[in-house]
Amino acid sequence: AAGWLASLALTLAPLADCAALSPPTKKLNKLSTPLPLAVCRDGLKLPTRDANAAQALIDATHTCRALADDWQRHDADRPRLRVAAGNLLFALKHHWRAAFAVARARDLADLDAAWAPPPDDASTFGEAPKDGHLLLDRAAPLLHKYRDVVDAIAGDPLRLDNVWDTYKPFFDGKDLIATLDVPKGPTVGKLLAAQRDFQLQFPDADADRCKAHLADRLAALAADAPACKPKKRRT
């Protein structure tokens, strides 16, 4: 299933910066929708799940590209990259490999040095197209870069494949409200997100260390927004 979605996303990727405007409604003057999503949903009549998945693959291109670039650096911050990669997998789930395939293909298409020049007698319309002759020796560094980051995510050292199913948070929302006196509302969601980032960054940390981190995070949130301050205990 991911194969046809990746092909669809690649086909629609040139439209990534365009939007479709829906007719005005009583509440909104105009409703803007990413054009690839509109093509999938309104033109191709795909199920909402598939249309959203294709748009997500296109949207993930920049993140996949950044992860691939950062991973090959010798001074890469591996814990930080584990957080970024983990959050990408939580968003895309089993489509994450397809997202890297889309990003790789888009980068490869833009790598002029990796393509043989078109024949002199090639008929063109507008800009001369590539003739499909890929020079593997010139494309190899880019292909290896994406292979390495995908292998690192799926296996050693990051081991993040299926993290959306295997992740077990130390605390749920009720735990945070009870143990940290977190006020009900958006603060709980922010702390749950901070907890996930912490556990991605420090997979061997225990619950006490995580709780201390979340207490520090709550204090930082309270300093920025008084509504985030811990509730006062009744005496």
# chains A, B, ... in the order shown; residues from 1 in each chain; ligands from 1
call {"tool": "residues_around", "arguments": {"residues": "Thr33 (chain A)", "least_positions_apart": "6", "cutoff": "7 Å", "atoms": "only C-alpha atoms", "output": "ChimeraX atom specification"}}
result
/A:19-21
call {"tool": "atom_distance", "arguments": {"atom1": "CA of His94 (chain A)", "atom2": "CA of Phe198 (chain A)"}}
result
22.3 Å
call {"tool": "residues_around", "arguments": {"residues": "Ala194 (chain A)", "least_positions_apart": "6", "cutoff": "10 Å", "atoms": "only C-alpha atoms", "output": "PDB file with N, CA and C atoms, in the first residue's frame"}}
result
ATOM      1  N   VAL A 188      -1.576  19.913  30.297  1.00  0.00           N
ATOM      2  CA  VAL A 188      -1.438  18.456  30.360  1.00  0.00           C
ATOM      3  C   VAL A 188      -0.914  17.928  29.028  1.00  0.00           C
ATOM      4  N   LEU A 200      12.033   9.507  24.267  1.00  0.00           N
ATOM      5  CA  LEU A 200      12.729   9.265  23.008  1.00  0.00           C
ATOM      6  C   LEU A 200      14.207   9.617  23.128  1.00  0.00           C
ATOM      7  N   CYS A 210      12.209  10.974  34.742  1.00  0.00           N
ATOM      8  CA  CYS A 210      11.236  11.606  33.862  1.00  0.00           C
ATOM      9  C   CYS A 210      10.350  12.576  34.639  1.00  0.00           C
ATOM     10  N   HIS A 213      12.154  15.745  35.289  1.00  0.00           N
ATOM     11  CA  HIS A 213      12.209  16.548  34.069  1.00  0.00           C
ATOM     12  C   HIS A 213      10.879  17.258  33.827  1.00  0.00           C
ATOM     13  N   LEU A 214       9.790  16.554  34.014  1.00  0.00           N
ATOM     14  CA  LEU A 214       8.479  17.151  33.780  1.00  0.00           C
ATOM     15  C   LEU A 214       8.179  18.238  34.806  1.00  0.00           C
ATOM     16  N   ARG A 217       9.917  21.175  33.547  1.00  0.00           N
ATOM     17  CA  ARG A 217       9.202  21.694  32.381  1.00  0.00           C
ATOM     18  C   ARG A 217       7.959  22.448  32.807  1.00  0.00           C
ATOM     19  N   LEU A 218       7.255  21.938  33.817  1.00  0.00           N
ATOM     20  CA  LEU A 218       6.066  22.620  34.325  1.00  0.00           C
ATOM     21  C   LEU A 218       6.430  23.972  34.908  1.00  0.00           C
TER      22      LEU A 218
END
call {"tool": "atom_distance", "arguments": {"atom1": "CA of Phe90 (chain A)", "atom2": "CA of Lys174 (chain A)"}}
result
21.9 Å
call {"tool": "atom_distance", "arguments": {"atom1": "CA of Ala85 (chain A)", "atom2": "CA of Gly173 (chain A)"}}
result
24.0 Å
call {"tool": "select_by_dssp", "arguments": {"residues": "region 43-74 of chain A", "states": "helix (DSSP H, G or I)", "output": "ChimeraX atom specification"}}
result
/A:43,48-59,61-71
call {"tool": "write_last_selection", "arguments": {"atoms": "N, CA and C atoms", "output": "compact mmCIF listing (two decimals), in the first residue's frame"}}
result
# COMPACT_ATOMS: atom_id res chain seq x y z
N GLY A 43 -10.68 15.39 -6.34
CA GLY A 43 -10.53 14.99 -7.73
C GLY A 43 -10.51 13.48 -7.91
N THR A 48 -10.61 9.48 2.81
CA THR A 48 -9.94 10.54 3.57
C THR A 48 -8.62 10.06 4.14
N ARG A 49 -8.56 8.83 4.63
CA ARG A 49 -7.33 8.30 5.21
C ARG A 49 -6.20 8.29 4.19
N ASP A 50 -6.48 7.85 2.96
CA ASP A 50 -5.44 7.78 1.93
C ASP A 50 -5.05 9.17 1.46
N ALA A 51 -6.02 10.07 1.32
CA ALA A 51 -5.72 11.43 0.90
C ALA A 51 -4.83 12.13 1.92
N ASN A 52 -5.16 11.97 3.19
CA ASN A 52 -4.35 12.58 4.24
C ASN A 52 -2.95 11.96 4.28
N ALA A 53 -2.85 10.65 4.04
CA ALA A 53 -1.55 9.98 4.06
C ALA A 53 -0.65 10.48 2.93
N ALA A 54 -1.22 10.66 1.74
CA ALA A 54 -0.42 11.19 0.63
C ALA A 54 0.07 12.59 0.92
N GLN A 55 -0.80 13.44 1.49
CA GLN A 55 -0.38 14.80 1.85
C GLN A 55 0.69 14.76 2.93
N ALA A 56 0.57 13.85 3.87
CA ALA A 56 1.56 13.74 4.95
C ALA A 56 2.94 13.36 4.40
N LEU A 57 2.97 12.49 3.39
CA LEU A 57 4.25 12.11 2.79
C LEU A 57 4.92 13.32 2.14
N ILE A 58 4.13 14.15 1.50
CA ILE A 58 4.68 15.37 0.88
C ILE A 58 5.17 16.33 1.96
N ASP A 59 4.36 16.50 3.00
CA ASP A 59 4.72 17.44 4.07
C ASP A 59 5.98 17.01 4.81
N THR A 61 8.69 15.77 3.64
CA THR A 61 9.93 15.82 2.84
C THR A 61 11.03 16.59 3.54
N HIS A 62 10.71 17.77 4.04
CA HIS A 62 11.75 18.61 4.66
C HIS A 62 12.33 17.94 5.90
N THR A 63 11.48 17.31 6.71
CA THR A 63 11.97 16.64 7.91
C THR A 63 12.86 15.45 7.55
N CYS A 64 12.43 14.66 6.58
CA CYS A 64 13.24 13.51 6.14
C CYS A 64 14.59 13.98 5.59
N ARG A 65 14.57 15.03 4.82
CA ARG A 65 15.81 15.56 4.24
C ARG A 65 16.75 16.04 5.33
N ALA A 66 16.20 16.76 6.32
CA ALA A 66 17.04 17.27 7.42
C ALA A 66 17.63 16.13 8.23
N LEU A 67 16.83 15.09 8.49
CA LEU A 67 17.33 13.94 9.25
C LEU A 67 18.45 13.23 8.49
N ALA A 68 18.27 13.07 7.19
CA ALA A 68 19.30 12.41 6.38
C ALA A 68 20.58 13.23 6.36
N ASP A 69 20.45 14.55 6.23
CA ASP A 69 21.63 15.42 6.20
C ASP A 69 22.34 15.41 7.55
N ASP A 70 21.56 15.51 8.64
CA ASP A 70 22.16 15.58 9.97
C ASP A 70 22.80 14.26 10.38
N TRP A 71 22.21 13.15 9.96
CA TRP A 71 22.71 11.86 10.39
C TRP A 71 24.12 11.60 9.88
call {"tool": "closest_residue", "arguments": {"among": "A:Ala109, A:Ala38, A:Leu88, A:Ala103", "to": "Ser22 (chain A)", "atoms": "only C-alpha atoms"}}
result
A:Ala38
call {"tool": "residues_around", "arguments": {"residues": "Asp148 (chain A)", "least_positions_apart": "3", "cutoff": "9 Å", "atoms": "only C-alpha atoms", "output": "PyMOL selection string"}}
result
chain A and resi 68+71-72+143-145+151-153
call {"tool": "closest_residue", "arguments": {"among": "A:Leu160, A:Ala113, A:Ala6, A:Ala101", "to": "Arg147 (chain A)", "atoms": "only C-alpha atoms"}}
result
A:Ala101
call {"tool": "closest_residue", "arguments": {"among": "A:Ala116, A:Val163, A:Val39, A:Ala154", "to": "Lys93 (chain A)", "atoms": "only C-alpha atoms"}}
result
A:Val163
call {"tool": "closest_residue", "arguments": {"among": "A:Ala98, A:Leu15, A:Leu81, A:Ala212", "to": "Asp197 (chain A)", "atoms": "only C-alpha atoms"}}
result
A:Leu81
